[in-house]
$ cat work_21.cif   # mmCIF, C-alpha atoms (C1' of nucleotides)
data_target
loop_
_atom_site.label_atom_id
_atom_site.label_comp_id
_atom_site.auth_asym_id
_atom_site.auth_seq_id
_atom_site.Cartn_x
_atom_site.Cartn_y
_atom_site.Cartn_z
CA MET A 1 131.21 132.23 92.99
CA SER A 2 134.53 131.75 91.20
CA PRO A 3 134.37 130.92 87.50
CA ALA A 4 135.88 127.49 88.05
CA SER A 5 133.39 126.37 90.68
CA GLN A 6 130.57 127.92 88.68
CA GLU A 7 131.57 125.73 85.75
CA GLU A 8 131.72 122.75 88.05
CA THR A 9 128.23 123.48 89.36
CA ASN A 10 126.91 123.77 85.83
CA LEU A 11 128.44 120.43 84.89
CA LEU A 12 127.10 118.73 88.01
CA ASN A 13 123.63 119.95 87.10
CA LEU A 14 124.05 118.89 83.48
CA PHE A 15 125.13 115.36 84.35
CA GLN A 16 122.36 114.96 86.91
CA ARG A 17 119.78 115.51 84.21
CA VAL A 18 120.62 111.98 83.13
CA SER A 19 118.48 109.36 84.83
CA GLY A 20 120.80 107.11 86.80
CA ILE A 21 123.25 109.88 87.61
CA GLY A 22 122.92 111.42 91.06
CA VAL A 23 125.17 113.67 93.10
CA VAL A 24 127.90 111.10 93.61
CA ALA A 25 128.14 109.88 90.01
CA ALA A 26 128.00 113.45 88.69
CA LYS A 27 130.96 114.40 90.89
CA LYS A 28 132.85 111.38 89.66
CA PHE A 29 132.37 112.41 86.04
CA VAL A 30 133.41 116.00 86.76
CA ASP A 31 136.55 114.66 88.44
CA LYS A 32 137.27 112.62 85.33
CA GLY A 33 137.33 115.90 83.43
CA TYR A 34 134.18 115.42 81.40
CA LYS A 35 132.77 118.66 80.00
CA SER A 36 129.68 117.56 78.09
CA LEU A 37 127.09 114.85 77.65
CA GLU A 38 129.09 113.71 74.65
CA ASP A 39 132.10 113.09 76.89
CA LEU A 40 129.75 111.10 79.07
CA SER A 41 128.54 109.03 76.13
CA ASN A 42 132.11 107.93 75.42
CA ASP A 43 132.59 106.50 78.89
CA PRO A 44 132.75 102.71 78.57
CA ASN A 45 131.73 102.16 82.18
CA LEU A 46 128.27 103.70 82.24
CA THR A 47 125.67 101.54 83.93
CA HIS A 48 122.80 100.28 81.83
CA HIS A 49 120.47 102.69 83.60
CA GLN A 50 122.75 105.61 82.74
CA CYS A 51 122.97 104.54 79.09
CA VAL A 52 119.19 104.60 78.80
CA GLY A 53 119.01 107.89 80.69
CA LEU A 54 121.49 109.47 78.32
CA LYS A 55 119.79 108.12 75.21
CA TYR A 56 116.51 109.78 76.18
CA VAL A 57 117.75 112.70 78.25
CA ASP A 58 115.73 115.27 76.29
CA GLU A 59 112.61 113.16 75.85
CA PHE A 60 112.35 112.30 79.55
CA GLU A 61 112.25 115.99 80.41
CA LYS A 62 109.14 116.57 78.32
CA GLU A 63 105.75 116.56 80.00
CA ILE A 64 103.19 113.91 79.08
CA PRO A 65 99.75 115.32 78.18
CA ARG A 66 96.85 113.67 79.95
CA ASP A 67 95.31 112.22 76.81
CA GLU A 68 98.57 110.47 75.97
CA MET A 69 98.73 109.09 79.51
CA GLU A 70 95.22 107.73 79.02
CA ASN A 71 96.20 106.15 75.73
CA LEU A 72 99.35 104.59 77.18
CA LEU A 73 97.40 103.19 80.10
CA ALA A 74 94.72 101.82 77.79
CA ILE A 75 97.36 99.88 75.87
CA VAL A 76 98.74 98.33 79.04
CA LYS A 77 95.27 97.40 80.27
CA LYS A 78 94.19 95.92 76.98
CA THR A 79 97.39 93.98 76.40
CA LEU A 80 97.52 92.45 79.85
CA ASN A 81 93.83 91.65 80.07
CA GLU A 82 94.09 89.82 76.78
CA ILE A 83 96.53 87.37 78.32
CA ASP A 84 94.79 87.23 81.71
CA SER A 85 91.57 89.00 82.56
CA ARG A 86 92.37 88.84 86.26
CA TYR A 87 95.17 91.42 86.00
CA ASN A 88 94.13 94.63 87.66
CA MET A 89 96.03 97.83 87.05
CA GLU A 90 95.74 101.47 87.89
CA ALA A 91 97.90 104.48 87.12
CA CYS A 92 98.73 106.44 90.24
CA GLY A 93 100.49 109.65 91.10
CA SER A 94 99.36 113.01 89.85
CA PHE A 95 97.61 111.39 86.88
CA ARG A 96 95.09 109.72 89.14
CA ARG A 97 94.63 113.01 90.94
CA GLY A 98 93.49 114.48 87.64
CA ALA A 99 96.64 116.32 86.53
CA ASN A 100 96.68 117.60 82.95
CA ILE A 101 100.34 116.70 82.55
CA SER A 102 102.56 114.04 84.08
CA GLY A 103 106.23 113.19 84.22
CA ASP A 104 105.95 109.45 83.86
CA LEU A 105 103.51 106.56 84.00
CA ASP A 106 103.44 104.72 87.30
CA ILE A 107 101.19 101.68 87.27
CA ILE A 108 100.39 99.42 90.18
CA LEU A 109 99.38 95.90 89.33
CA THR A 110 97.54 93.26 91.27
CA HIS A 111 96.41 89.74 90.53
CA PRO A 112 94.46 87.36 92.78
CA ASP A 113 97.35 84.89 92.60
CA PHE A 114 99.88 87.43 93.84
CA THR A 115 99.44 87.45 97.60
CA GLU A 116 101.72 88.49 100.45
CA VAL A 117 102.69 84.84 100.81
CA GLU A 118 103.55 84.63 97.12
CA GLU A 119 105.60 87.82 97.42
CA LYS A 120 107.69 86.26 100.19
CA VAL A 121 108.27 83.14 98.10
CA VAL A 122 109.34 85.15 95.10
CA LYS A 123 111.75 87.25 97.13
CA ARG A 124 113.29 84.22 98.78
CA HIS A 125 113.91 82.67 95.38
CA LYS A 126 115.17 85.96 93.96
CA ALA A 127 112.97 85.38 90.94
CA THR A 128 110.76 87.79 89.10
CA THR A 129 107.20 86.86 89.82
CA PRO A 130 105.95 85.06 86.70
CA LEU A 131 102.98 87.39 86.61
CA LEU A 132 105.28 90.38 86.13
CA ALA A 133 107.60 88.59 83.73
CA GLN A 134 104.62 87.56 81.63
CA ALA A 135 103.22 91.09 81.61
CA VAL A 136 106.53 92.61 80.54
CA GLN A 137 106.98 89.99 77.86
CA ALA A 138 103.55 90.74 76.41
CA LEU A 139 104.24 94.48 76.30
CA GLU A 140 107.68 93.96 74.76
CA LYS A 141 106.29 91.71 72.08
CA TYR A 142 103.86 94.42 71.16
CA GLY A 143 106.80 96.83 70.75
CA PHE A 144 105.32 99.09 73.38
CA LEU A 145 108.27 98.72 75.76
CA THR A 146 111.44 99.91 74.04
CA ASP A 147 114.10 99.74 76.80
CA PHE A 148 114.32 98.52 80.35
CA VAL A 149 115.98 100.25 83.26
CA SER A 150 115.57 97.54 85.85
CA THR A 151 113.58 94.35 86.35
CA GLY A 152 113.31 92.89 89.82
CA ASN A 153 111.10 90.52 91.76
CA VAL A 154 108.14 92.84 91.87
CA LYS A 155 109.06 96.04 90.04
CA TYR A 156 109.84 96.80 86.42
CA MET A 157 111.21 100.17 85.35
CA GLY A 158 111.53 100.91 81.69
CA VAL A 159 110.66 102.97 78.67
CA CYS A 160 107.54 102.89 76.54
CA GLN A 161 106.35 104.61 73.38
CA PHE A 162 102.89 105.04 71.98
CA PRO A 163 102.76 103.62 68.43
CA GLY A 164 102.36 105.82 65.36
CA THR A 165 102.68 109.53 64.79
CA ASP A 166 101.80 112.20 67.31
CA PRO A 167 99.44 114.63 65.57
CA ARG A 168 100.68 117.41 67.85
CA SER A 169 104.19 117.24 66.42
CA ASN A 170 103.80 115.17 63.27
CA GLN A 171 106.66 113.13 64.71
CA PRO A 172 106.74 109.73 66.38
CA TYR A 173 105.47 109.83 69.96
CA LEU A 174 108.17 110.51 72.54
CA HIS A 175 109.71 107.81 74.70
CA ARG A 176 108.23 107.87 78.18
CA ARG A 177 109.31 106.44 81.51
CA ILE A 178 107.04 103.69 82.77
CA ASP A 179 107.03 101.76 86.06
CA LEU A 180 105.09 98.58 86.70
CA ARG A 181 104.84 97.75 90.38
CA PHE A 182 103.28 94.51 91.58
CA ILE A 183 101.70 94.64 95.00
CA PRO A 184 100.01 91.81 96.90
CA HIS A 185 96.31 92.01 96.25
CA GLU A 186 95.57 92.19 100.00
CA ASN A 187 97.36 95.53 100.01
CA TYR A 188 95.75 96.95 96.90
CA TYR A 189 93.73 99.74 98.43
CA THR A 190 96.37 100.96 100.87
CA GLY A 191 98.91 100.72 98.05
CA LEU A 192 96.64 102.66 95.73
CA LEU A 193 96.12 105.30 98.39
CA ALA A 194 99.82 105.65 99.13
CA TRP A 195 100.95 105.77 95.51
CA THR A 196 98.21 108.20 94.57
CA GLY A 197 99.18 110.61 97.30
CA ASP A 198 99.75 113.39 97.33
CA ASP A 199 102.58 113.24 99.81
CA GLU A 200 100.91 115.83 102.00
CA LEU A 201 97.76 113.75 102.29
CA ASN A 202 99.88 110.69 103.08
CA ARG A 203 101.48 112.57 105.93
CA ILE A 204 98.16 113.74 107.28
CA MET A 205 96.57 110.29 107.10
CA ARG A 206 99.57 108.58 108.63
CA SER A 207 99.77 110.97 111.53
CA ARG A 208 96.02 110.75 112.07
CA ALA A 209 96.37 106.96 112.09
CA LYS A 210 99.08 107.27 114.69
CA GLU A 211 96.86 109.43 116.91
CA LEU A 212 94.21 106.75 116.80
CA GLY A 213 96.63 103.96 117.67
CA TYR A 214 97.12 102.62 114.15
CA THR A 215 99.96 102.60 111.71
CA LEU A 216 99.19 103.25 108.07
CA ASN A 217 101.47 102.63 105.12
CA GLU A 218 101.25 101.14 101.64
CA TYR A 219 101.19 97.66 103.17
CA GLY A 220 98.07 98.16 105.20
CA LEU A 221 96.39 99.62 108.23
CA ARG A 222 97.37 97.96 111.48
CA ARG A 223 96.56 98.41 115.11
CA ARG A 224 99.60 99.22 117.21
CA ILE A 225 100.12 97.07 120.25
CA LYS A 226 101.54 99.05 123.13
CA THR A 227 103.29 97.38 126.00
CA GLU A 228 105.42 98.95 128.74
CA THR A 229 108.63 98.89 126.79
CA GLU A 230 107.87 98.35 123.17
CA GLU A 231 105.35 99.03 120.50
CA THR A 232 104.72 96.51 117.75
CA PRO A 233 102.41 96.48 114.77
CA GLY A 234 99.39 94.38 115.53
CA GLU A 235 96.72 92.72 113.50
CA LYS A 236 95.85 94.02 110.10
CA ILE A 237 92.52 95.82 109.71
CA PRO A 238 90.58 94.46 106.73
CA ILE A 239 90.38 97.11 104.01
CA ASN A 240 88.17 96.65 100.96
CA SER A 241 88.27 100.09 99.44
CA GLU A 242 90.00 103.43 99.78
CA GLU A 243 86.82 104.64 101.48
CA ASP A 244 87.41 102.06 104.23
CA VAL A 245 90.69 103.72 105.15
CA PHE A 246 89.17 107.19 105.37
CA LYS A 247 86.30 105.74 107.41
CA LYS A 248 88.61 104.01 109.89
CA LEU A 249 90.44 107.29 110.37
CA GLY A 250 87.21 109.22 110.84
CA MET A 251 87.87 111.33 107.78
CA PRO A 252 85.43 112.22 105.02
CA TYR A 253 86.24 110.41 101.80
CA MET A 254 88.24 112.43 99.30
CA GLU A 255 88.01 111.73 95.59
CA PRO A 256 91.42 111.39 93.93
CA HIS A 257 91.12 114.84 92.33
CA GLU A 258 90.56 116.33 95.78
CA ARG A 259 93.85 114.99 97.08
CA ASN A 260 96.09 117.79 95.79
CA LEU A 261 97.02 119.25 99.14
CA ARG A 262 100.58 120.22 98.36
CA GLY A 263 100.87 123.97 98.55
CA VAL A 264 97.48 124.22 100.23
CA VAL A 265 98.95 123.06 103.49
CA LYS A 266 102.23 124.94 103.37
CA LYS A 267 105.26 122.73 103.59
CA LYS A 268 108.94 123.12 103.00
CA TYR A 269 109.77 119.48 102.53
CA LEU A 270 108.80 118.57 99.03
CA MET A 271 110.41 115.21 98.91
CA TYR A 272 108.91 112.08 97.64
CA GLU A 273 106.22 110.82 95.27
CA GLU A 274 106.02 110.57 91.50
"C1'" DG B 1 119.38 122.27 122.49
"C1'" DG B 2 119.42 118.04 119.84
"C1'" DC B 3 117.39 115.51 116.40
"C1'" DA B 4 114.97 113.92 112.24
"C1'" DC B 5 113.73 115.00 107.81
"C1'" DG B 6 110.17 107.95 103.97
"C1'" DG B 7 111.28 103.72 103.31
"C1'" DC B 8 111.87 100.29 100.07
"C1'" DC B 9 113.17 98.29 95.46
"C1'" DC B 10 116.90 97.40 92.12
"C1'" DA B 11 121.81 97.54 90.17
"C1'" DT B 12 126.36 97.69 91.18
"C1'" DT B 13 130.44 97.60 93.88
"C1'" DC B 14 132.89 96.46 97.96
"C1'" DG B 15 134.66 93.42 101.49
"C1'" DT B 16 135.44 89.03 103.29
"C1'" DA C 1 130.66 83.02 96.26
"C1'" DC C 2 128.00 85.72 99.10
"C1'" DG C 3 126.18 89.41 101.99
"C1'" DA C 4 126.74 94.34 103.02
"C1'" DA C 5 127.06 98.83 101.60
"C1'" DT C 6 126.29 102.39 98.35
"C1'" DG C 7 123.91 104.99 94.73
"C1'" DG C 8 119.81 106.03 92.55
"C1'" DG C 9 114.81 106.39 91.85
"C1'" DC C 10 110.32 107.38 93.37
"C1'" DG D 1 116.10 125.23 107.68
"C1'" DT D 2 112.28 123.90 110.52
"C1'" DG D 3 109.30 121.60 113.55
"C1'" DC D 4 109.13 118.37 117.22
"C1'" DC D 5 110.64 116.30 121.50
#

$ encode --input "work_21.cif" --output "structure tokens"
Amino acid sequence: MSPASQEETNLLNLFQRVSGIGVVAAKKFVDKGYKSLEDLSNDPNLTHHQCVGLKYVDEFEKEIPRDEMENLLAIVKKTLNEIDSRYNMEACGSFRRGANISGDLDIILTHPDFTEVEEKVVKRHKATTPLLAQAVQALEKYGFLTDFVSTGNVKYMGVCQFPGTDPRSNQPYLHRRIDLRFIPHENYYTGLLAWTGDDELNRIMRSRAKELGYTLNEYGLRRRIKTETEETPGEKIPINSEEDVFKKLGMPYMEPHERNLRGVVKKKYLMYEE
DNA sequence: GGCACGGCCCATTCGT
DNA sequence: ACGAATGGGC
DNA sequence: GTGCC
């Protein structure tokens, strides 16, 4: 590779370390002649997301030990249940599968008042569901949330920090990426299953569902109605636990820590999740 | 051989 | 002003 | 690039 294009590749990779900068934005900044993250920081047109990404570019690359994940989650649970005991929350992703380290904290939230109907209402009004707004407000007041990346109808993305000094480093705890995702309570178990993964298990369960004439996704398990010409999702199958889903698919239940299939079943496409 | 490779949420920009 | 398209994240 | 149709 020529020196010039090697330098360009290096810069593209550097800029893409910043959350909020992907391939397209990185190219744009290279074209502008930027050579460093400092050049980037002087750009007056960074999006808010990119500003936050740049501010914490080093911290976001550091792994989160499991005990810190547990402590962060405990704060969220305690804070939200103090304002409303009917909040239900669970951390998903590799953490729920028992990983010793994680990249960020991804929490799904439910509340008996947040139904599929309520979700439709909220989206039509383009308003953040009050249950999410209230949760974020409580966590901000506490000082736990330090920055936001985005706040929508049903999903908050931001930055949190455990209070006090980390005994491992004798420094303040690092800033960590946190997502709060509200899902209608009817979809809790299929949502939990999907966001816990891993992606390989999701594939297996979805294709098994298909074989049996269902469709499975984070919104539920449905029968597929087949007519001559078209195929439409049918009635929703009632699901009251993760076990229910495995049962309907004729699969033995797998505990979350048994769901690390990636690499066991060999696959080239390591795309989504976490 | 041709085709798909997840699908949706949020922020921002573009086009009318 | 508003909806569509794009970029990004997961 | 690979697996599926």

$ atom_distance --input "work_21.cif" --atom1 "atom CA of Asn240 of chain A" --atom2 "atom CA of Tyr87 of chain A"
17.3 Å

$ residues_around --input "work_21.cif" --residues "DC2 of chain C" --least-positions-apart "4" --cutoff "12 Å" --atoms "all atoms listed in the file" --output "JSON, numbers by chain"
{"B": [14, 15, 16]}

$ atom_distance --input "work_21.cif" --atom1 "atom CA of Gly263 of chain A" --atom2 "atom CA of Asp106 of chain A"
22.4 Å

$ closest_atom_pairs --input "work_21.cif" --of "chain A" --to "chain B" --cutoff "12 Å" --atoms "all atoms listed in the file" --output "CSV"
residue,atom,partner,partner_atom,distance
A:Gly20,CA,B:DA11,C1',10.2
A:Asn45,CA,B:DT12,C1',11.4
A:Leu46,CA,B:DT12,C1',10.9
A:Thr47,CA,B:DT12,C1',8.2
A:His48,CA,B:DA11,C1',8.8
A:His49,CA,B:DA11,C1',8.5
A:Gln50,CA,B:DA11,C1',11.0
A:Lys123,CA,B:DC9,C1',11.3
A:Lys126,CA,B:DC10,C1',11.7
A:Thr128,CA,B:DC10,C1',11.8
A:Val149,CA,B:DC10,C1',9.4
A:Ser150,CA,B:DC10,C1',6.4
A:Thr151,CA,B:DC10,C1',7.3
A:Gly152,CA,B:DC10,C1',6.2
A:Asn153,CA,B:DC9,C1',8.9
A:Val154,CA,B:DC9,C1',8.2
A:Lys155,CA,B:DC9,C1',7.2
A:Tyr156,CA,B:DC10,C1',9.1
A:Met157,CA,B:DC10,C1',9.3
A:Asp179,CA,B:DC9,C1',11.8
A:Leu180,CA,B:DC9,C1',11.9
A:Arg181,CA,B:DC9,C1',9.8
A:Phe182,CA,B:DC9,C1',11.3
A:Ala194,CA,B:DG6,C1',11.7
A:Asp199,CA,B:DG6,C1',10.1
A:Asn202,CA,B:DG6,C1',10.7
A:Arg203,CA,B:DG6,C1',10.0
A:Arg206,CA,B:DG6,C1',11.6
A:Asn217,CA,B:DG7,C1',10.0
A:Glu218,CA,B:DG7,C1',10.5
A:Tyr219,CA,B:DC8,C1',11.4
A:Lys268,CA,B:DC5,C1',10.6
A:Tyr269,CA,B:DC5,C1',8.0
A:Leu270,CA,B:DC5,C1',10.7
A:Met271,CA,B:DG6,C1',8.9
A:Tyr272,CA,B:DG6,C1',7.7
A:Glu273,CA,B:DG6,C1',10.0

$ closest_atom_pairs --input "work_21.cif" --of "chain D" --to "chain A" --cutoff "12 Å" --atoms "all atoms listed in the file" --output "CSV"
residue,atom,partner,partner_atom,distance
D:DG1,C1',A:Lys268,CA,8.8
D:DT2,C1',A:Lys268,CA,8.3
D:DG3,C1',A:Lys268,CA,10.7

$ resolve_selection --input "work_21.cif" --expression "the PyMOL selection byres ((chain C) within 12 of (chain A))" --output "MDAnalysis selection string"
chainID C and resid 6:10

$ atom_distance --input "work_21.cif" --atom1 "atom CA of Val245 of chain A" --atom2 "atom CA of Arg222 of chain A"
10.9 Å
